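> Here you go, target_7.cif (mmCIF, C-alpha atoms, pLDDT in the B column; chains and numbers go by the auth columns):
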data_structure
#
loop_
_atom_site.group_PDB
_atom_site.id
_atom_site.type_symbol
_atom_site.label_atom_id
_atom_site.label_comp_id
_atom_site.label_asym_id
_atom_site.label_seq_id
_atom_site.Cartn_x
_atom_site.Cartn_y
_atom_site.Cartn_z
_atom_site.B_iso_or_equiv
_atom_site.auth_seq_id
_atom_site.auth_asym_id
ATOM 1 C CA MET A 1 29.904 -9.178 -15.401 53.00 1 A
ATOM 2 C CA ASN A 2 29.168 -9.887 -11.799 53.00 2 A
ATOM 3 C CA ARG A 3 26.317 -12.064 -10.584 50.00 3 A
ATOM 4 C CA LYS A 4 24.446 -9.240 -8.815 49.00 4 A
ATOM 5 C CA PHE A 5 24.388 -7.171 -12.011 42.00 5 A
ATOM 6 C CA LEU A 6 23.075 -10.118 -14.045 41.00 6 A
ATOM 7 C CA THR A 7 20.384 -10.871 -11.468 42.00 7 A
ATOM 8 C CA THR A 8 19.289 -7.236 -11.440 43.00 8 A
ATOM 9 C CA LEU A 9 19.291 -7.138 -15.235 40.00 9 A
ATOM 10 C CA ALA A 10 17.179 -10.307 -15.433 44.00 10 A
ATOM 11 C CA ALA A 11 14.687 -9.005 -12.855 44.00 11 A
ATOM 12 C CA THR A 12 14.388 -5.696 -14.689 44.00 12 A
ATOM 13 C CA ALA A 13 13.792 -7.482 -17.990 45.00 13 A
ATOM 14 C CA GLY A 14 11.127 -9.677 -16.370 48.00 14 A
ATOM 15 C CA LEU A 15 9.321 -6.655 -14.950 46.00 15 A
ATOM 16 C CA ALA A 16 9.477 -4.910 -18.329 46.00 16 A
ATOM 17 C CA VAL A 17 7.896 -7.936 -20.033 46.00 17 A
ATOM 18 C CA ALA A 18 5.184 -8.104 -17.373 45.00 18 A
ATOM 19 C CA ALA A 19 4.462 -4.387 -17.652 45.00 19 A
ATOM 20 C CA ALA A 20 4.258 -4.658 -21.443 43.00 20 A
ATOM 21 C CA ALA A 21 1.853 -7.579 -21.191 42.00 21 A
ATOM 22 C CA MET A 22 -0.374 -5.584 -18.856 42.00 22 A
ATOM 23 C CA VAL A 23 -0.354 -2.573 -21.158 41.00 23 A
ATOM 24 C CA THR A 24 -1.344 -4.607 -24.217 39.00 24 A
ATOM 25 C CA ALA A 25 -4.080 -6.487 -22.390 42.00 25 A
ATOM 26 C CA PRO A 26 -5.957 -4.055 -20.144 41.00 26 A
ATOM 27 C CA ALA A 27 -7.430 -5.913 -17.231 51.00 27 A
ATOM 28 C CA MET A 28 -8.719 -3.525 -14.645 51.00 28 A
ATOM 29 C CA ALA A 29 -10.094 -4.990 -11.497 62.00 29 A
ATOM 30 C CA VAL A 30 -13.705 -6.033 -11.599 77.00 30 A
ATOM 31 C CA ILE A 31 -14.769 -2.658 -10.088 90.00 31 A
ATOM 32 C CA PRO A 32 -12.232 0.007 -11.152 90.00 32 A
ATOM 33 C CA THR A 33 -13.586 2.640 -8.730 92.00 33 A
ATOM 34 C CA SER A 34 -13.678 0.457 -5.609 93.00 34 A
ATOM 35 C CA THR A 35 -11.418 1.218 -2.653 95.00 35 A
ATOM 36 C CA SER A 36 -11.862 -2.312 -1.322 96.00 36 A
ATOM 37 C CA ALA A 37 -8.802 -4.419 -0.571 97.00 37 A
ATOM 38 C CA VAL A 38 -10.691 -7.413 -2.032 97.00 38 A
ATOM 39 C CA ASN A 39 -11.341 -7.774 -5.753 96.00 39 A
ATOM 40 C CA THR A 40 -15.080 -8.459 -6.090 96.00 40 A
ATOM 41 C CA ASP A 41 -17.841 -8.097 -8.618 93.00 41 A
ATOM 42 C CA GLU A 42 -20.797 -5.714 -8.150 92.00 42 A
ATOM 43 C CA GLN A 43 -22.535 -8.298 -5.928 93.00 43 A
ATOM 44 C CA GLY A 44 -19.517 -8.560 -3.629 95.00 44 A
ATOM 45 C CA ILE A 45 -18.459 -12.007 -4.898 96.00 45 A
ATOM 46 C CA ALA A 46 -14.721 -12.648 -4.599 97.00 46 A
ATOM 47 C CA LEU A 47 -12.537 -14.849 -6.814 97.00 47 A
ATOM 48 C CA HIS A 48 -15.046 -14.620 -9.680 95.00 48 A
ATOM 49 C CA GLY A 49 -17.108 -17.168 -7.747 96.00 49 A
ATOM 50 C CA TYR A 50 -14.390 -19.818 -7.633 97.00 50 A
ATOM 51 C CA ASP A 51 -13.837 -21.980 -4.550 98.00 51 A
ATOM 52 C CA ALA A 52 -10.749 -20.743 -2.644 98.00 52 A
ATOM 53 C CA VAL A 53 -10.370 -24.024 -0.749 98.00 53 A
ATOM 54 C CA ALA A 54 -10.393 -26.199 -3.884 98.00 54 A
ATOM 55 C CA TYR A 55 -7.025 -24.801 -5.016 98.00 55 A
ATOM 56 C CA PHE A 56 -5.530 -26.455 -1.938 98.00 56 A
ATOM 57 C CA THR A 57 -7.630 -29.631 -1.799 97.00 57 A
ATOM 58 C CA VAL A 58 -8.130 -30.644 -5.455 97.00 58 A
ATOM 59 C CA GLY A 59 -5.319 -28.581 -6.944 97.00 59 A
ATOM 60 C CA LYS A 60 -7.356 -26.808 -9.589 97.00 60 A
ATOM 61 C CA PRO A 61 -9.806 -23.944 -10.029 97.00 61 A
ATOM 62 C CA THR A 62 -13.309 -25.102 -9.188 98.00 62 A
ATOM 63 C CA GLN A 63 -16.442 -23.015 -9.618 97.00 63 A
ATOM 64 C CA GLY A 64 -18.284 -22.351 -6.367 97.00 64 A
ATOM 65 C CA ASP A 65 -21.986 -22.845 -5.719 98.00 65 A
ATOM 66 C CA ALA A 66 -24.160 -20.055 -4.247 97.00 66 A
ATOM 67 C CA ARG A 67 -25.616 -22.559 -1.758 98.00 67 A
ATOM 68 C CA PHE A 68 -22.222 -22.689 -0.012 98.00 68 A
ATOM 69 C CA LYS A 69 -20.902 -19.247 0.864 98.00 69 A
ATOM 70 C CA ALA A 70 -19.023 -17.362 3.551 98.00 70 A
ATOM 71 C CA SER A 71 -18.109 -13.737 4.168 98.00 71 A
ATOM 72 C CA TYR A 72 -14.569 -12.575 4.827 98.00 72 A
ATOM 73 C CA ASN A 73 -13.038 -9.095 4.704 96.00 73 A
ATOM 74 C CA GLY A 74 -16.222 -7.628 3.259 96.00 74 A
ATOM 75 C CA ALA A 75 -16.474 -10.110 0.383 97.00 75 A
ATOM 76 C CA THR A 76 -18.534 -13.225 -0.253 97.00 76 A
ATOM 77 C CA TYR A 77 -16.694 -16.406 -1.192 98.00 77 A
ATOM 78 C CA LEU A 78 -18.468 -19.330 -2.862 98.00 78 A
ATOM 79 C CA PHE A 79 -17.568 -23.006 -2.436 98.00 79 A
ATOM 80 C CA ALA A 80 -18.171 -26.174 -4.397 98.00 80 A
ATOM 81 C CA THR A 81 -19.070 -28.164 -1.280 98.00 81 A
ATOM 82 C CA ALA A 82 -20.294 -27.631 2.270 98.00 82 A
ATOM 83 C CA GLU A 83 -17.046 -29.230 3.469 98.00 83 A
ATOM 84 C CA ASN A 84 -14.981 -26.556 1.703 98.00 84 A
ATOM 85 C CA GLN A 85 -17.251 -23.867 3.099 98.00 85 A
ATOM 86 C CA HIS A 86 -16.634 -25.155 6.644 98.00 86 A
ATOM 87 C CA LYS A 87 -12.868 -25.363 6.092 98.00 87 A
ATOM 88 C CA PHE A 88 -12.827 -21.750 4.924 98.00 88 A
ATOM 89 C CA GLN A 89 -14.982 -20.562 7.822 98.00 89 A
ATOM 90 C CA ALA A 90 -12.629 -22.266 10.283 98.00 90 A
ATOM 91 C CA ASN A 91 -9.569 -20.402 8.921 98.00 91 A
ATOM 92 C CA PRO A 92 -10.326 -17.963 6.087 98.00 92 A
ATOM 93 C CA ALA A 93 -6.843 -16.403 6.089 97.00 93 A
ATOM 94 C CA ALA A 94 -5.393 -19.803 5.181 98.00 94 A
ATOM 95 C CA PHE A 95 -7.416 -20.001 1.957 98.00 95 A
ATOM 96 C CA ALA A 96 -8.272 -16.477 0.774 98.00 96 A
ATOM 97 C CA PRO A 97 -6.093 -15.295 -2.111 98.00 97 A
ATOM 98 C CA GLN A 98 -3.287 -12.918 -1.274 98.00 98 A
ATOM 99 C CA TYR A 99 -3.661 -9.229 -2.119 98.00 99 A
ATOM 100 C CA GLY A 100 -7.432 -9.672 -2.057 98.00 100 A
ATOM 101 C CA GLY A 101 -7.369 -11.680 -5.271 97.00 101 A
ATOM 102 C CA PHE A 102 -5.762 -8.889 -7.286 97.00 102 A
ATOM 103 C CA CYS A 103 -2.955 -9.851 -9.674 97.00 103 A
ATOM 104 C CA ALA A 104 0.170 -10.534 -7.597 98.00 104 A
ATOM 105 C CA MET A 105 2.500 -9.236 -10.315 97.00 105 A
ATOM 106 C CA GLY A 106 0.333 -6.148 -10.658 96.00 106 A
ATOM 107 C CA VAL A 107 0.741 -5.485 -6.925 97.00 107 A
ATOM 108 C CA ALA A 108 4.515 -5.868 -7.346 97.00 108 A
ATOM 109 C CA LEU A 109 4.227 -3.115 -9.981 96.00 109 A
ATOM 110 C CA GLU A 110 1.962 -0.956 -7.736 97.00 110 A
ATOM 111 C CA LYS A 111 -1.223 -1.769 -9.649 95.00 111 A
ATOM 112 C CA LYS A 112 -4.528 -3.415 -8.757 95.00 112 A
ATOM 113 C CA LEU A 113 -5.383 -5.609 -11.739 95.00 113 A
ATOM 114 C CA ASP A 114 -7.993 -8.321 -11.969 95.00 114 A
ATOM 115 C CA GLY A 115 -6.757 -11.710 -10.819 96.00 115 A
ATOM 116 C CA ASP A 116 -7.724 -14.535 -13.165 96.00 116 A
ATOM 117 C CA PRO A 117 -8.810 -17.555 -11.078 96.00 117 A
ATOM 118 C CA ASN A 118 -7.415 -19.819 -13.810 96.00 118 A
ATOM 119 C CA VAL A 119 -3.913 -18.311 -13.564 97.00 119 A
ATOM 120 C CA TRP A 120 -2.778 -19.171 -10.066 98.00 120 A
ATOM 121 C CA LYS A 121 0.016 -20.568 -7.958 97.00 121 A
ATOM 122 C CA ILE A 122 0.379 -21.645 -4.356 98.00 122 A
ATOM 123 C CA VAL A 123 3.625 -20.388 -2.836 98.00 123 A
ATOM 124 C CA GLY A 124 4.490 -20.974 0.795 97.00 124 A
ATOM 125 C CA GLY A 125 0.982 -22.231 1.473 98.00 125 A
ATOM 126 C CA LYS A 126 -0.640 -19.049 0.086 98.00 126 A
ATOM 127 C CA LEU A 127 -2.761 -18.595 -3.046 98.00 127 A
ATOM 128 C CA TYR A 128 -1.662 -16.000 -5.624 98.00 128 A
ATOM 129 C CA LEU A 129 -3.458 -15.017 -8.829 98.00 129 A
ATOM 130 C CA ASN A 130 -2.154 -13.260 -11.910 97.00 130 A
ATOM 131 C CA VAL A 131 -3.999 -11.328 -14.591 96.00 131 A
ATOM 132 C CA ASN A 132 -3.036 -13.634 -17.478 96.00 132 A
ATOM 133 C CA GLN A 133 -0.623 -16.374 -18.517 96.00 133 A
ATOM 134 C CA ASP A 134 2.003 -13.974 -19.938 95.00 134 A
ATOM 135 C CA VAL A 135 2.175 -12.068 -16.670 96.00 135 A
ATOM 136 C CA SER A 136 2.362 -15.359 -14.790 96.00 136 A
ATOM 137 C CA VAL A 137 5.475 -16.282 -16.775 96.00 137 A
ATOM 138 C CA ALA A 138 7.132 -13.034 -15.679 95.00 138 A
ATOM 139 C CA TRP A 139 5.947 -13.579 -12.074 96.00 139 A
ATOM 140 C CA ASN A 140 7.470 -17.057 -12.028 96.00 140 A
ATOM 141 C CA ARG A 141 10.888 -15.785 -13.138 97.00 141 A
ATOM 142 C CA ASP A 142 11.504 -14.177 -9.746 97.00 142 A
ATOM 143 C CA ILE A 143 8.812 -15.166 -7.274 98.00 143 A
ATOM 144 C CA PRO A 144 10.840 -14.194 -4.159 98.00 144 A
ATOM 145 C CA GLY A 145 11.690 -10.765 -5.572 98.00 145 A
ATOM 146 C CA ASN A 146 8.161 -10.184 -6.852 98.00 146 A
ATOM 147 C CA LEU A 147 6.701 -11.218 -3.500 98.00 147 A
ATOM 148 C CA ALA A 148 9.048 -8.845 -1.673 98.00 148 A
ATOM 149 C CA ARG A 149 7.965 -5.943 -3.930 98.00 149 A
ATOM 150 C CA ALA A 150 4.281 -6.858 -3.696 98.00 150 A
ATOM 151 C CA ASN A 151 4.416 -7.184 0.098 98.00 151 A
ATOM 152 C CA GLU A 152 6.094 -3.788 0.291 98.00 152 A
ATOM 153 C CA ASN A 153 3.539 -2.152 -2.045 98.00 153 A
ATOM 154 C CA TRP A 154 0.329 -3.754 -0.746 98.00 154 A
ATOM 155 C CA PRO A 155 -0.129 -1.685 2.440 98.00 155 A
ATOM 156 C CA THR A 156 0.123 1.525 0.398 97.00 156 A
ATOM 157 C CA ILE A 157 -2.170 0.539 -2.495 97.00 157 A
ATOM 158 C CA LYS A 158 -4.698 -1.867 -0.975 97.00 158 A
ATOM 159 C CA ASN A 159 -7.310 0.829 -0.228 96.00 159 A
ATOM 160 C CA GLN A 160 -6.751 2.860 -3.402 96.00 160 A
ATOM 161 C CA THR A 161 -8.967 2.508 -6.450 95.00 161 A
ATOM 162 C CA PRO A 162 -7.569 0.373 -9.270 93.00 162 A
ATOM 163 C CA GLU A 163 -8.164 3.177 -11.774 92.00 163 A
ATOM 164 C CA SER A 164 -6.075 5.618 -9.712 94.00 164 A
ATOM 165 C CA LEU A 165 -3.103 3.243 -9.917 91.00 165 A
ATOM 166 C CA ASN A 166 -3.330 2.182 -13.568 71.00 166 A
#
Go ahead and express the file in the form of structure tokens.

Amino acid sequence: MNRKFLTTLAATAGLAVAAAAMVTAPAMAVIPTSTSAVNTDEQGIALHGYDAVAYFTVGKPTQGDARFKASYNGATYLFATAENQHKFQANPAAFAPQYGGFCAMGVALEKKLDGDPNVWKIVGGKLYLNVNQDVSVAWNRDIPGNLARANENWPTIKNQTPESLN
């Protein structure tokens, strides 16, 4: 068999596993009827209240504090420290999760699923979330291919409701 065929077969198998994991563990976005491009709760809090800057500075999910907050793209982000708040305010696009904090693999599959702040990866200086650890495994099998699909899908789905896509 040729290399291209094997690569395509492996990518297809990875997507099938990811799709199966999403079907068995429903994880709609926080607000299934929202047309927002940012995954927030009913109060407009993004990233489930986790500090977007901490992923880059301390290398782990860190719960934010309501005393330190900033608005970006219609959502409120919380931060563990005033320093992180100021870093975010200086360049929010550098720290905000890609695809509005929706599951990156879900976006590759044309879905808007909740992004779990504890299932994350920084790729090319950008923060990506996935819905769960099983989906993250599938995402990691072909990050470049999954990113290409997600980047292609995002402009079309970003303002659609999660429930209309799932």
> Using atom CA of A:Asp114 and atom CA of A:Asp41 as the two end points, give the distance in Å to one decimal.
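Distance between the two atoms: 10.4 Å.
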> Please, which residues are within 12 Å of (-1.4, 6.0, -6.9) by the file's coordinates, counting only C-alpha atoms, and could they come as a list in words?
Thr35, Val107, Leu109, Glu110, Lys111, Lys112, Asn153, Trp154, Thr156, Ile157, Lys158, Asn159, Gln160, Thr161, Pro162, Glu163, Ser164, Leu165 and Asn166 of chain A
> Can you work out which one of A:Tyr72, A:Ala108, A:Phe79, A:Pro92 has the shortest atom-to-atom distance to A:Ala37, counting only C-alpha atoms?
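Looking only at the distances to A:Ala37, the closest residue turns out to be A:Tyr72.
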> Name every residue that the PyMOL selection byres ((chain A and resi 98) around 12) selects in this structure, writing the answer as a PyMOL selection string with chains first and numbers rising.
chain A and resi 37-39+46-47+52+92-97+99-105+107+115+120-130+147+150-151+154+158
> Evaluate the PyMOL selection byres ((chain A and resi 62) around 12) here and jot the selected residues down as a JSON list (two decimals) with C-alpha atoms, keeping the file's coordinate frame.

[["chain", "number", "residue", "atom", "x", "y", "z"],
["A", 47, "LEU", "CA", -12.54, -14.85, -6.81],
["A", 48, "HIS", "CA", -15.05, -14.62, -9.68],
["A", 49, "GLY", "CA", -17.11, -17.17, -7.75],
["A", 50, "TYR", "CA", -14.39, -19.82, -7.63],
["A", 51, "ASP", "CA", -13.84, -21.98, -4.55],
["A", 52, "ALA", "CA", -10.75, -20.74, -2.64],
["A", 53, "VAL", "CA", -10.37, -24.02, -0.75],
["A", 54, "ALA", "CA", -10.39, -26.20, -3.88],
["A", 55, "TYR", "CA", -7.02, -24.80, -5.02],
["A", 56, "PHE", "CA", -5.53, -26.46, -1.94],
["A", 57, "THR", "CA", -7.63, -29.63, -1.80],
["A", 58, "VAL", "CA", -8.13, -30.64, -5.46],
["A", 59, "GLY", "CA", -5.32, -28.58, -6.94],
["A", 60, "LYS", "CA", -7.36, -26.81, -9.59],
["A", 61, "PRO", "CA", -9.81, -23.94, -10.03],
["A", 63, "GLN", "CA", -16.44, -23.02, -9.62],
["A", 64, "GLY", "CA", -18.28, -22.35, -6.37],
["A", 65, "ASP", "CA", -21.99, -22.84, -5.72],
["A", 78, "LEU", "CA", -18.47, -19.33, -2.86],
["A", 79, "PHE", "CA", -17.57, -23.01, -2.44],
["A", 80, "ALA", "CA", -18.17, -26.17, -4.40],
["A", 81, "THR", "CA", -19.07, -28.16, -1.28],
["A", 84, "ASN", "CA", -14.98, -26.56, 1.70],
["A", 117, "PRO", "CA", -8.81, -17.56, -11.08],
["A", 118, "ASN", "CA", -7.42, -19.82, -13.81]]
> Report, in Å with one decimal, the straight-line distance from atom CA of A:Asn132 to atom CA of A:Gly106.
10.7 Å
> Could you tell me how far atom CA of A:Ser71 lies from atom CA of A:His86, in Å and to one decimal?
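Computing it gives 11.8 Å between the two atoms.
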> Each side padded by 6 Å, which centre and which edge lengths in Å (one decimal) define the axis-aligned box around the listed atoms of stretch 59-72 of chain A? Give them as AutoDock Vina command-line options.

--center_x -15.5 --center_y -20.6 --center_z -2.6 --size_x 32.3 --size_y 28.0 --size_z 26.9
> Using the chain letters and numbers from the file, give me the residues hit by the PyMOL selection byres ((chain A and resi 133) around 10), as JSON, numbers by chain.
{"A": [21, 116, 118, 119, 120, 130, 131, 132, 134, 135, 136, 137, 138, 139]}
